[in-house]
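Containing mmCIF, C-alpha atoms and all ligand atoms: entry07.cif.
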data_structure
#
loop_
_atom_site.label_atom_id
_atom_site.label_comp_id
_atom_site.auth_asym_id
_atom_site.auth_seq_id
_atom_site.Cartn_x
_atom_site.Cartn_y
_atom_site.Cartn_z
CA MET A 97 -116.59 -24.00 -1.65
CA ASP A 98 -116.95 -20.25 -1.11
CA PHE A 99 -114.63 -18.58 1.41
CA SER A 100 -115.82 -15.03 0.70
CA LEU A 101 -117.59 -13.12 3.44
CA GLY A 102 -121.21 -12.03 3.07
CA GLU A 103 -122.32 -8.40 3.20
CA ASP A 104 -123.36 -8.59 6.89
CA GLN A 105 -120.12 -10.28 7.90
CA ARG A 106 -118.00 -7.65 6.11
CA LEU A 107 -120.05 -4.82 7.60
CA LEU A 108 -119.65 -6.21 11.10
CA ARG A 109 -115.89 -6.78 10.70
CA ASP A 110 -115.35 -3.28 9.32
CA THR A 111 -117.47 -1.64 12.04
CA VAL A 112 -115.53 -3.36 14.83
CA ARG A 113 -112.21 -2.59 13.09
CA ARG A 114 -113.08 1.10 12.83
CA PHE A 115 -114.09 1.19 16.49
CA MET A 116 -110.88 -0.53 17.64
CA GLU A 117 -108.66 1.71 15.51
CA ALA A 118 -110.37 4.94 16.56
CA GLU A 119 -111.31 4.30 20.19
CA VAL A 120 -108.83 1.72 21.49
CA ARG A 121 -105.55 1.76 19.57
CA PRO A 122 -104.55 5.30 20.56
CA SER A 123 -104.71 4.45 24.28
CA VAL A 124 -103.89 0.74 24.41
CA ARG A 125 -100.22 1.09 25.43
CA GLN A 126 -100.92 3.68 28.11
CA ARG A 127 -103.84 1.67 29.49
CA ASN A 128 -101.52 -1.35 29.68
CA ARG A 129 -98.94 0.62 31.60
CA GLU A 130 -101.69 1.68 34.01
CA GLU A 131 -103.21 -1.84 34.00
CA LYS A 132 -106.62 -0.25 33.56
CA PHE A 133 -109.60 -2.45 32.74
CA ALA A 134 -111.33 -1.27 29.54
CA ALA A 135 -114.77 -0.91 31.12
CA ALA A 136 -116.01 2.00 28.98
CA GLU A 137 -114.65 0.53 25.75
CA LEU A 138 -116.30 -2.85 26.48
CA ARG A 139 -119.60 -1.12 27.24
CA ALA A 140 -119.36 0.69 23.92
CA LEU A 141 -118.73 -2.60 22.09
CA GLY A 142 -121.76 -4.00 23.94
CA GLY A 143 -123.73 -1.12 22.46
CA LEU A 144 -122.60 -2.33 19.02
CA GLY A 145 -124.00 -5.79 19.81
CA CYS A 146 -120.69 -7.52 20.63
CA CYS A 147 -121.67 -8.94 24.04
CA GLY A 148 -124.61 -11.14 23.04
CA MET A 149 -123.73 -11.99 19.49
CA LEU A 150 -124.97 -15.59 19.54
CA ILE A 151 -128.15 -14.78 21.47
CA PRO A 152 -131.39 -14.44 19.46
CA GLU A 153 -132.79 -10.95 19.06
CA GLU A 154 -135.90 -11.77 21.12
CA TRP A 155 -133.60 -12.00 24.17
CA GLY A 156 -131.73 -8.80 23.34
CA GLY A 157 -128.86 -10.39 21.42
CA ALA A 158 -127.52 -9.75 17.93
CA GLY A 159 -128.52 -13.23 16.72
CA VAL A 160 -125.68 -13.45 14.20
CA ASP A 161 -123.80 -16.55 13.07
CA THR A 162 -120.61 -17.86 14.69
CA LEU A 163 -118.47 -16.60 11.78
CA CYS A 164 -119.59 -13.03 12.59
CA TYR A 165 -118.67 -13.75 16.20
CA VAL A 166 -115.14 -14.94 15.37
CA LEU A 167 -114.63 -11.99 13.02
CA MET A 168 -115.56 -9.64 15.87
CA LEU A 169 -113.16 -11.34 18.31
CA GLU A 170 -110.33 -11.32 15.79
CA GLU A 171 -110.75 -7.60 15.16
CA VAL A 172 -110.81 -6.84 18.90
CA ALA A 173 -107.78 -9.06 19.68
CA ARG A 174 -105.82 -7.57 16.75
CA VAL A 175 -105.63 -4.39 18.84
CA ASP A 176 -106.30 -5.48 22.44
CA ALA A 177 -106.25 -9.18 23.41
CA ALA A 178 -107.40 -8.42 26.97
CA MET A 179 -110.66 -6.93 25.71
CA ALA A 180 -111.18 -9.99 23.50
CA VAL A 181 -111.05 -12.42 26.42
CA ALA A 182 -113.61 -10.35 28.37
CA LEU A 183 -115.94 -10.57 25.37
CA SER A 184 -115.22 -14.22 24.65
CA VAL A 185 -116.08 -15.28 28.21
CA THR A 186 -119.25 -13.15 28.29
CA ASN A 187 -120.50 -14.45 24.93
CA SER A 188 -119.34 -18.06 24.76
CA VAL A 189 -119.33 -19.42 28.28
CA VAL A 190 -121.88 -17.21 30.05
CA ALA A 191 -124.59 -15.83 27.73
CA TRP A 192 -124.69 -18.93 25.53
CA PRO A 193 -125.11 -21.62 28.26
CA LEU A 194 -127.60 -19.32 30.01
CA TYR A 195 -129.62 -19.09 26.80
CA ARG A 196 -129.35 -22.86 26.17
CA HIS A 197 -130.13 -24.11 29.68
CA GLY A 198 -131.81 -21.19 31.48
CA THR A 199 -135.49 -20.88 32.33
CA ASP A 200 -137.40 -18.03 30.72
CA ALA A 201 -137.27 -16.15 34.05
CA GLN A 202 -133.46 -16.51 34.18
CA ARG A 203 -133.13 -15.43 30.55
CA ARG A 204 -135.38 -12.41 31.14
CA ARG A 205 -133.42 -11.35 34.24
CA TYR A 206 -129.92 -11.57 32.81
CA LEU A 207 -129.69 -11.99 29.02
CA PRO A 208 -130.74 -8.52 27.81
CA ARG A 209 -128.31 -6.79 30.21
CA LEU A 210 -125.48 -9.14 29.22
CA ALA A 211 -126.25 -8.72 25.53
CA ARG A 212 -126.29 -4.91 25.72
CA GLY A 213 -122.95 -4.88 27.54
CA GLU A 214 -124.50 -3.39 30.69
CA MET A 215 -122.84 -6.20 32.60
CA LEU A 216 -120.13 -8.74 31.83
CA GLY A 217 -120.23 -12.44 32.58
CA ALA A 218 -117.75 -14.69 34.41
CA PHE A 219 -117.30 -18.47 34.36
CA CYS A 220 -116.12 -20.13 37.58
CA LEU A 221 -114.94 -23.69 37.06
CA THR A 222 -111.22 -23.71 37.93
CA GLU A 223 -110.13 -24.04 41.56
CA PRO A 224 -106.71 -23.93 43.23
CA GLY A 225 -106.72 -27.76 43.27
CA ALA A 226 -108.60 -28.49 40.02
CA GLY A 227 -107.85 -27.11 36.54
CA SER A 228 -107.65 -29.63 33.69
CA ASP A 229 -109.30 -32.21 35.95
CA SER A 230 -112.52 -30.26 36.39
CA ALA A 231 -114.42 -33.19 37.92
CA ALA A 232 -112.08 -32.82 40.93
CA ILE A 233 -113.58 -29.49 42.07
CA THR A 234 -114.38 -29.31 45.76
CA THR A 235 -116.71 -26.28 45.97
CA ARG A 236 -119.88 -27.62 47.57
CA ALA A 237 -123.52 -26.55 47.21
CA VAL A 238 -125.95 -27.80 49.83
CA ARG A 239 -129.71 -27.31 49.53
CA ASP A 240 -131.23 -25.36 52.44
CA GLY A 241 -134.95 -24.67 51.81
CA ASP A 242 -135.30 -22.16 48.98
CA PHE A 243 -131.53 -21.66 48.77
CA TYR A 244 -128.33 -23.51 48.04
CA ARG A 245 -125.38 -22.63 50.28
CA LEU A 246 -122.09 -22.54 48.35
CA ASN A 247 -118.71 -23.01 50.02
CA GLY A 248 -115.35 -23.08 48.29
CA THR A 249 -112.80 -21.09 46.27
CA LYS A 250 -112.69 -20.45 42.53
CA SER A 251 -109.45 -19.26 40.94
CA TRP A 252 -108.43 -17.60 37.67
CA VAL A 253 -111.86 -16.11 37.11
CA THR A 254 -111.73 -13.83 34.03
CA ASN A 255 -113.83 -10.67 34.55
CA GLY A 256 -113.75 -11.48 38.29
CA GLY A 257 -114.67 -8.36 40.27
CA GLU A 258 -116.04 -6.67 37.12
CA ALA A 259 -118.82 -9.07 36.10
CA GLY A 260 -122.50 -8.78 37.03
CA LEU A 261 -123.18 -12.49 36.64
CA TYR A 262 -121.05 -15.52 37.54
CA ILE A 263 -121.79 -19.07 36.42
CA VAL A 264 -120.42 -21.14 39.29
CA PHE A 265 -119.93 -24.91 39.21
CA ALA A 266 -120.22 -26.75 42.52
CA LYS A 267 -120.65 -30.30 43.77
CA THR A 268 -124.19 -31.09 44.91
CA ASP A 269 -123.40 -34.79 45.29
CA ALA A 270 -119.79 -35.47 46.23
CA SER A 271 -120.21 -39.22 45.75
CA ALA A 272 -121.40 -38.91 42.12
CA GLY A 273 -118.08 -37.66 40.63
CA ALA A 274 -118.53 -35.78 37.34
CA ARG A 275 -122.31 -36.33 37.53
CA GLY A 276 -122.52 -34.65 40.93
CA ILE A 277 -121.73 -31.12 39.65
CA THR A 278 -124.41 -28.43 39.31
CA ALA A 279 -124.27 -24.94 37.74
CA PHE A 280 -125.53 -21.79 39.48
CA LEU A 281 -126.18 -18.21 38.41
CA VAL A 282 -124.55 -16.08 41.09
CA GLU A 283 -124.73 -12.32 41.46
CA PRO A 284 -121.82 -10.55 43.19
CA GLY A 285 -124.29 -9.05 45.69
CA PHE A 286 -125.39 -12.42 47.05
CA PRO A 287 -124.39 -12.81 50.75
CA GLY A 288 -121.17 -14.82 51.13
CA PHE A 289 -119.65 -13.83 47.72
CA GLN A 290 -116.21 -12.28 47.99
CA VAL A 291 -113.40 -11.39 45.58
CA SER A 292 -110.44 -12.55 47.66
CA ARG A 293 -107.55 -11.44 45.41
CA TYR A 294 -106.44 -10.59 41.88
CA GLU A 295 -103.86 -12.56 39.89
CA ASP A 296 -100.60 -10.79 38.99
CA LYS A 297 -100.23 -12.07 35.43
CA MET A 298 -97.48 -12.23 32.77
CA GLY A 299 -99.79 -10.82 30.09
CA LEU A 300 -103.36 -9.68 29.54
CA ARG A 301 -102.52 -7.11 32.19
CA THR A 302 -105.69 -5.12 31.59
CA SER A 303 -107.93 -8.18 31.88
CA ARG A 304 -109.16 -8.71 35.44
CA THR A 305 -108.53 -12.26 36.77
CA ALA A 306 -109.71 -12.96 40.30
CA GLU A 307 -109.91 -15.56 43.01
CA ILE A 308 -113.42 -15.73 44.47
CA THR A 309 -114.40 -17.18 47.80
CA PHE A 310 -117.87 -18.47 48.60
CA SER A 311 -118.65 -18.62 52.33
CA ASP A 312 -122.13 -19.99 52.91
CA CYS A 313 -123.04 -18.00 49.80
CA GLU A 314 -126.84 -17.95 49.49
CA VAL A 315 -128.03 -18.76 45.99
CA PRO A 316 -131.80 -19.00 45.41
CA VAL A 317 -132.98 -22.35 44.05
CA ALA A 318 -134.46 -20.31 41.17
CA ASN A 319 -130.82 -19.54 40.17
CA ARG A 320 -129.81 -23.13 39.55
CA LEU A 321 -128.89 -23.41 35.86
CA GLY A 322 -130.22 -26.66 34.42
CA GLU A 323 -130.86 -29.66 36.64
CA ASP A 324 -128.93 -31.00 39.60
CA GLY A 325 -125.96 -32.99 38.28
CA GLN A 326 -125.93 -31.41 34.78
CA GLY A 327 -123.23 -28.86 35.60
CA LEU A 328 -120.18 -30.48 34.03
CA LYS A 329 -122.11 -31.25 30.84
CA ILE A 330 -123.14 -27.57 30.65
CA ALA A 331 -119.55 -26.47 31.29
CA LEU A 332 -117.99 -28.76 28.70
CA GLU A 333 -120.58 -27.88 26.05
CA ALA A 334 -119.93 -24.16 26.69
CA LEU A 335 -116.17 -24.74 26.44
CA ASP A 336 -116.54 -26.34 22.98
CA GLY A 337 -117.92 -23.03 21.72
CA GLY A 338 -115.53 -21.08 23.95
CA ARG A 339 -112.52 -22.68 22.27
CA VAL A 340 -113.64 -21.35 18.90
CA GLY A 341 -113.64 -17.87 20.48
CA ILE A 342 -110.20 -18.31 22.04
CA ALA A 343 -108.85 -19.56 18.70
CA ALA A 344 -110.23 -16.37 17.12
CA GLN A 345 -108.47 -14.36 19.81
CA ALA A 346 -105.22 -16.10 18.78
CA LEU A 347 -105.87 -15.19 15.14
CA GLY A 348 -106.33 -11.54 16.08
CA ILE A 349 -103.11 -11.31 18.10
CA ALA A 350 -101.18 -13.07 15.31
CA GLN A 351 -102.66 -10.82 12.61
CA GLY A 352 -101.79 -7.71 14.63
CA ALA A 353 -98.24 -8.97 15.17
CA LEU A 354 -97.80 -9.77 11.47
CA GLU A 355 -99.00 -6.30 10.42
CA ALA A 356 -96.58 -4.67 12.88
CA ALA A 357 -93.73 -6.88 11.64
CA VAL A 358 -94.39 -6.13 7.96
CA SER A 359 -94.48 -2.41 8.65
CA HIS A 360 -91.22 -2.56 10.63
CA ALA A 361 -89.54 -4.73 7.96
CA LYS A 362 -90.32 -2.10 5.33
CA GLN A 363 -89.07 0.94 7.23
CA ARG A 364 -86.12 -0.37 9.30
CA ARG A 365 -82.89 -0.27 7.34
CA ALA A 366 -79.65 -2.23 7.85
CA PHE A 367 -76.63 -2.63 5.58
CA GLY A 368 -78.11 -0.04 3.22
CA LYS A 369 -81.54 -1.57 2.62
CA PRO A 370 -84.88 -2.30 4.34
CA ILE A 371 -84.54 -5.44 6.47
CA GLY A 372 -87.53 -6.96 4.62
CA GLU A 373 -85.20 -7.41 1.66
CA PHE A 374 -83.08 -9.90 3.61
CA GLN A 375 -84.32 -13.39 2.87
CA ALA A 376 -84.15 -14.38 6.56
CA ILE A 377 -86.72 -11.69 7.42
CA ALA A 378 -88.88 -12.18 4.32
CA TRP A 379 -89.16 -15.92 4.99
CA MET A 380 -90.20 -15.31 8.59
CA LEU A 381 -92.98 -13.04 7.31
CA ALA A 382 -94.06 -15.61 4.73
CA ASP A 383 -94.21 -18.36 7.35
CA MET A 384 -96.17 -16.13 9.73
CA GLN A 385 -98.82 -15.34 7.14
CA THR A 386 -99.09 -18.97 5.97
CA GLU A 387 -99.62 -20.22 9.52
CA ILE A 388 -102.21 -17.53 10.24
CA GLU A 389 -104.17 -18.46 7.12
CA ALA A 390 -104.03 -22.17 8.04
CA ALA A 391 -105.38 -21.36 11.50
CA ARG A 392 -108.08 -19.13 10.00
CA VAL A 393 -109.41 -22.04 7.94
CA LEU A 394 -109.61 -24.24 11.05
CA VAL A 395 -111.37 -21.48 13.01
CA TRP A 396 -113.86 -20.71 10.25
CA GLN A 397 -114.57 -24.41 9.79
CA ALA A 398 -115.26 -24.79 13.52
CA ALA A 399 -117.51 -21.68 13.40
CA TRP A 400 -119.47 -23.18 10.53
CA LEU A 401 -119.78 -26.56 12.29
CA ARG A 402 -121.03 -24.82 15.44
CA ASP A 403 -123.89 -23.27 13.47
CA THR A 404 -124.87 -26.63 11.96
CA GLY A 405 -125.31 -28.02 15.51
CA SER A 406 -122.84 -30.76 14.60
CA ALA A 407 -121.85 -33.38 17.14
CA ARG A 408 -118.37 -33.07 15.54
CA LEU A 409 -117.85 -29.59 16.99
CA GLY A 410 -115.86 -30.76 20.05
CA PRO A 411 -112.77 -32.19 18.31
CA CYS A 412 -112.98 -29.59 15.55
CA ALA A 413 -112.96 -26.74 18.11
CA SER A 414 -110.06 -28.44 19.87
CA ARG A 415 -108.04 -28.63 16.63
CA ALA A 416 -108.69 -24.93 15.97
CA LYS A 417 -107.72 -23.96 19.52
CA LEU A 418 -104.65 -26.24 19.57
CA TYR A 419 -103.28 -25.05 16.25
CA ALA A 420 -104.16 -21.37 16.67
CA GLY A 421 -102.82 -21.35 20.24
CA GLU A 422 -99.44 -22.75 19.23
CA MET A 423 -99.32 -20.80 15.94
CA VAL A 424 -99.77 -17.45 17.69
CA ASN A 425 -96.80 -18.14 19.96
CA ARG A 426 -94.58 -18.87 16.94
CA VAL A 427 -95.85 -15.75 15.18
CA VAL A 428 -95.30 -13.34 18.09
CA TYR A 429 -91.82 -14.79 18.65
CA LYS A 430 -90.91 -13.93 15.05
CA ALA A 431 -92.58 -10.51 15.28
CA VAL A 432 -90.39 -9.62 18.26
CA GLN A 433 -87.32 -11.01 16.45
CA ILE A 434 -88.00 -8.87 13.37
CA HIS A 435 -88.28 -5.78 15.59
CA GLY A 436 -84.82 -6.43 17.09
CA SER A 437 -84.27 -4.54 20.34
CA MET A 438 -87.40 -2.46 19.72
CA GLY A 439 -89.37 -5.70 20.05
CA TYR A 440 -88.12 -5.96 23.62
CA SER A 441 -89.34 -2.47 24.45
CA ARG A 442 -92.66 -1.58 26.01
CA GLU A 443 -92.83 1.17 23.39
CA THR A 444 -94.01 -1.45 20.85
CA ASP A 445 -97.21 -3.46 20.56
CA VAL A 446 -95.38 -6.70 19.75
CA GLU A 447 -93.82 -6.82 23.22
CA ARG A 448 -97.33 -6.85 24.73
CA MET A 449 -98.58 -9.35 22.14
CA TYR A 450 -95.69 -11.70 22.98
CA ARG A 451 -96.81 -11.80 26.62
CA ASP A 452 -100.53 -11.87 25.83
CA ALA A 453 -100.21 -14.81 23.42
CA ARG A 454 -98.63 -17.14 25.96
CA VAL A 455 -101.87 -17.93 27.75
CA ILE A 456 -103.76 -19.10 24.68
CA SER A 457 -102.29 -22.60 24.86
CA ILE A 458 -103.19 -22.75 28.57
CA TYR A 459 -106.71 -21.43 29.24
CA GLU A 460 -110.02 -23.03 28.23
CA GLY A 461 -108.09 -26.30 28.12
CA THR A 462 -104.32 -26.62 27.67
CA SER A 463 -102.79 -27.82 24.40
CA GLU A 464 -102.25 -31.20 26.06
CA ILE A 465 -105.97 -31.46 26.87
CA GLN A 466 -106.90 -30.46 23.29
CA ARG A 467 -104.63 -33.24 21.97
CA LEU A 468 -106.30 -35.66 24.36
CA ILE A 469 -109.77 -34.71 23.02
CA ILE A 470 -108.63 -34.92 19.40
CA ALA A 471 -106.88 -38.26 19.85
CA ARG A 472 -109.75 -39.77 21.85
CA ASP A 473 -112.16 -38.82 19.06
CA LEU A 474 -109.82 -40.05 16.36
CA LEU A 475 -109.37 -43.43 18.01
CA ALA A 476 -113.12 -43.81 18.67
CA ALA A 477 -114.60 -42.41 15.47
CA GLY A 478 -111.85 -43.14 12.97
CA ALA A 479 -110.26 -40.67 10.58
CA GLN A 480 -113.57 -39.09 9.61
CA ALA A 481 -113.58 -35.69 7.91
CA PRO A 482 -115.01 -33.08 10.29
CA HIS A 483 -118.05 -32.29 8.13
CA GLU A 484 -119.08 -35.96 7.88
CA GLY A 485 -121.70 -36.82 10.41
CA SER A 486 -122.75 -33.18 10.76
CA ARG A 487 -126.45 -32.46 10.66
C1 LIG A 501 -105.36 -15.69 32.33
C2 LIG A 501 -106.20 -16.87 32.69
C3 LIG A 501 -107.58 -16.74 32.67
C4 LIG A 501 -108.38 -17.83 33.04
N1 LIG A 501 -109.77 -17.68 33.07
C5 LIG A 501 -110.54 -18.68 33.57
C6 LIG A 501 -111.94 -18.49 33.76
O1 LIG A 501 -112.50 -17.45 33.43
N2 LIG A 501 -112.66 -19.50 34.33
C7 LIG A 501 -112.08 -20.67 34.71
O2 LIG A 501 -112.78 -21.55 35.22
N3 LIG A 501 -110.75 -20.89 34.52
C8 LIG A 501 -109.96 -19.92 33.97
N4 LIG A 501 -108.60 -20.12 33.81
C9 LIG A 501 -108.01 -21.38 34.25
C10 LIG A 501 -107.56 -22.25 33.09
O3 LIG A 501 -108.64 -22.69 32.33
C11 LIG A 501 -106.75 -23.40 33.70
O4 LIG A 501 -105.56 -22.81 34.16
C12 LIG A 501 -106.42 -24.48 32.70
O5 LIG A 501 -107.57 -25.24 32.43
C13 LIG A 501 -105.31 -25.43 33.18
O6 LIG A 501 -105.51 -25.82 34.49
P1 LIG A 501 -104.31 -25.73 35.56
O7 LIG A 501 -103.75 -24.36 35.47
O8 LIG A 501 -104.84 -26.16 36.89
O9 LIG A 501 -103.24 -26.73 35.05
P2 LIG A 501 -103.11 -28.28 35.45
O10 LIG A 501 -104.40 -28.97 35.21
O11 LIG A 501 -102.52 -28.37 36.83
O12 LIG A 501 -102.05 -28.76 34.39
C14 LIG A 501 -100.64 -28.58 34.55
C15 LIG A 501 -99.96 -29.21 33.36
O13 LIG A 501 -100.26 -30.63 33.31
C16 LIG A 501 -100.84 -30.93 32.05
N5 LIG A 501 -101.86 -31.97 32.19
C17 LIG A 501 -102.88 -32.03 33.10
N6 LIG A 501 -103.63 -33.12 32.88
C18 LIG A 501 -103.08 -33.78 31.84
C19 LIG A 501 -103.39 -34.98 31.12
N7 LIG A 501 -104.46 -35.72 31.44
N8 LIG A 501 -102.60 -35.34 30.09
C20 LIG A 501 -101.52 -34.59 29.75
N9 LIG A 501 -101.18 -33.44 30.38
C21 LIG A 501 -101.95 -33.04 31.39
C22 LIG A 501 -101.44 -29.63 31.54
O14 LIG A 501 -101.62 -29.64 30.14
C23 LIG A 501 -100.41 -28.63 32.01
O15 LIG A 501 -99.34 -28.59 31.12
C24 LIG A 501 -107.79 -19.06 33.39
C25 LIG A 501 -106.39 -19.19 33.38
C26 LIG A 501 -105.60 -18.11 33.03
C27 LIG A 501 -104.10 -18.29 33.04
#
Output the file's structure in the form of structure tokens.
Amino acid sequence: MDFSLGEDQRLLRDTVRRFMEAEVRPSVRQRNREEKFAAAELRALGGLGCCGMLIPEEWGGAGVDTLCYVLMLEEVARVDAAMAVALSVTNSVVAWPLYRHGTDAQRRRYLPRLARGEMLGAFCLTEPGAGSDSAAITTRAVRDGDFYRLNGTKSWVTNGGEAGLYIVFAKTDASAGARGITAFLVEPGFPGFQVSRYEDKMGLRTSRTAEITFSDCEVPVANRLGEDGQGLKIALEALDGGRVGIAAQALGIAQGALEAAVSHAKQRRAFGKPIGEFQAIAWMLADMQTEIEAARVLVWQAAWLRDTGSARLGPCASRAKLYAGEMVNRVVYKAVQIHGSMGYSRETDVERMYRDARVISIYEGTSEIQRLIIARDLLAAGAQAPHEGSR
């Protein structure tokens, strides 16, 4: 087994790292204080190919493998987790399902602009009354000639108010339960589309998260994604890939926090020596690095499985997201602890990372939902190794 990165993968990682260090790190704290969305920086990353990484070149994408994609997200999140979620949503749960299930006309209209970073994507599944239980959504879509009319409210929409394309899930047949949900490609200029408010969040303060109201929103029939009733299948398939991206975001935050903690442990002195020489601090650092590396193996394995088209991706992505999401919270806790009172100050990056990390075990499926997926698979399929049964 070879864990070394190929030439292309190293080049991509180093390019994104250089960009983040030069263009984002110097302003990340100030931008957080101002709660300013990183529109220009995201557009620049789009210019480097980071918005349509999994999309074939013929549709304007970078057409790279999933490992390149997770390397990119890790490098972005290492400096700015809020930028990473904007990219993860655009790539994993908007551009990818559009490529997989869209008509050629839909791909032509939206994919090149998404892939070049000229517009961001948003994914609208969650509602005020339906999060984990996504089949319980109540947004309705009723056919009216050449249009569907959408009515309902979507909450916690990442990139809401900033995106140029929204994939919206709505019930077309309320009596058919999970099989009565259909996906739509909605532009913010469609009549009846309204950003009703923005969430006031604990972390990811520079990521825009909106509530969106649809009031008789007119969506052309040509903008239905996939067939009537396929919506939840499209959403869940997109989320399998999305979880690999969110796990990579966790890796990036954790790696950034570890680097900050190591640097502080070397230069902060107490009782006549650098605090890194106290075993209590050194062991925290050792545990942080060990957990990050364990998560990295799970994330890379899920990335590899995704590229093989394996039916085993679902539980594997859930394991990566579950472990990485809980790992990053342990790591940022220790990073703040190692910084002492400075870790509680907005002058440091670890304070922001501590708040940003908290959401990883909540969005794109909570840790409890990941355990449910993993356990359901384990009980149905037996204790099969993830690569067995891959094709
Ligand atoms: C910053 C942020 C960005 C987001 N971005 C998006 C986005 O772009 N698009 C989008 O559609 N959504 C988005 N979400 C929503 C997110 O995916 C949901 O919040 C998440 O799926 C959980 O849903 P909920 O908040 O309604 O929690 P609930 O479903 O109400 O769950 C509450 C608690 O009950 C537990 N629980 C629920 N069901 C079970 C069960 N069967 N077994 C055990 N425990 C259970 C949960 O794990 C949790 O602990 C975002 C959320 C946040 C915070």
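Of note, atom C19 of ligand LIG 501 (chain A) and CA of Ile465 (chain A) are spaced 6.1 Å apart.
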So which residues are close to (-113.1, -7.3, 36.2), meaning at most 10 Å away in the file's coordinates with only C-alpha atoms counted, and can you show them as a PDB file with C-alpha atoms, in the coordinates of the input?
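After the write, part-v6.pdb holds the following:
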ATOM      1  CA  LYS A 132    -106.620  -0.250  33.560  1.00  0.00           C
ATOM      2  CA  PHE A 133    -109.600  -2.450  32.740  1.00  0.00           C
ATOM      3  CA  ALA A 134    -111.330  -1.270  29.540  1.00  0.00           C
ATOM      4  CA  ALA A 135    -114.770  -0.910  31.120  1.00  0.00           C
ATOM      5  CA  ALA A 182    -113.610 -10.350  28.370  1.00  0.00           C
ATOM      6  CA  LEU A 216    -120.130  -8.740  31.830  1.00  0.00           C
ATOM      7  CA  GLY A 217    -120.230 -12.440  32.580  1.00  0.00           C
ATOM      8  CA  ALA A 218    -117.750 -14.690  34.410  1.00  0.00           C
ATOM      9  CA  VAL A 253    -111.860 -16.110  37.110  1.00  0.00           C
ATOM     10  CA  THR A 254    -111.730 -13.830  34.030  1.00  0.00           C
ATOM     11  CA  ASN A 255    -113.830 -10.670  34.550  1.00  0.00           C
ATOM     12  CA  GLY A 256    -113.750 -11.480  38.290  1.00  0.00           C
ATOM     13  CA  GLY A 257    -114.670  -8.360  40.270  1.00  0.00           C
ATOM     14  CA  GLU A 258    -116.040  -6.670  37.120  1.00  0.00           C
ATOM     15  CA  ALA A 259    -118.820  -9.070  36.100  1.00  0.00           C
ATOM     16  CA  GLY A 260    -122.500  -8.780  37.030  1.00  0.00           C
ATOM     17  CA  TYR A 294    -106.440 -10.590  41.880  1.00  0.00           C
ATOM     18  CA  THR A 302    -105.690  -5.120  31.590  1.00  0.00           C
ATOM     19  CA  SER A 303    -107.930  -8.180  31.880  1.00  0.00           C
ATOM     20  CA  ARG A 304    -109.160  -8.710  35.440  1.00  0.00           C
ATOM     21  CA  THR A 305    -108.530 -12.260  36.770  1.00  0.00           C
ATOM     22  CA  ALA A 306    -109.710 -12.960  40.300  1.00  0.00           C
TER      23      ALA A 306
END
Minimum-distance residue to ligand LIG 501 (chain A), chosen among A:Gly225, A:Pro193, A:Gly421, A:Gly405 (using all atoms listed in the file): A:Gly225
Ligand LIG 501 (chain A) neighbours within 9 Å using only C-alpha atoms and all ligand atoms, as an MDAnalysis selection string: chainID A and resid 181:182 185 189 218:230 250:256 264:265 295 297:300 303:306 452 455:468
Ref. answer, residues at most 6 Å from (-124.9, -13.6, 52.2) with only C-alpha atoms, as a ChimeraX atom specification: /A:286-288,313-314
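By all atoms listed in the file, and with residues fewer than 4 positions from Arg442 (chain A) along its chain excluded, the set lying at most 12 Å from it is Val124, Arg125, Gln126, Asn128, Arg129, Val432, Ser437, Met438, Val446, Glu447, Arg448, Met449, Tyr450 and Arg451 of chain A.
Coordinates place CA of Leu169 (chain A) at a distance of 7.3 Å from CA of Ser184 (chain A).
When CA of Cys412 (chain A) is paired with CA of Asp336 (chain A), their separation reads 8.9 Å.
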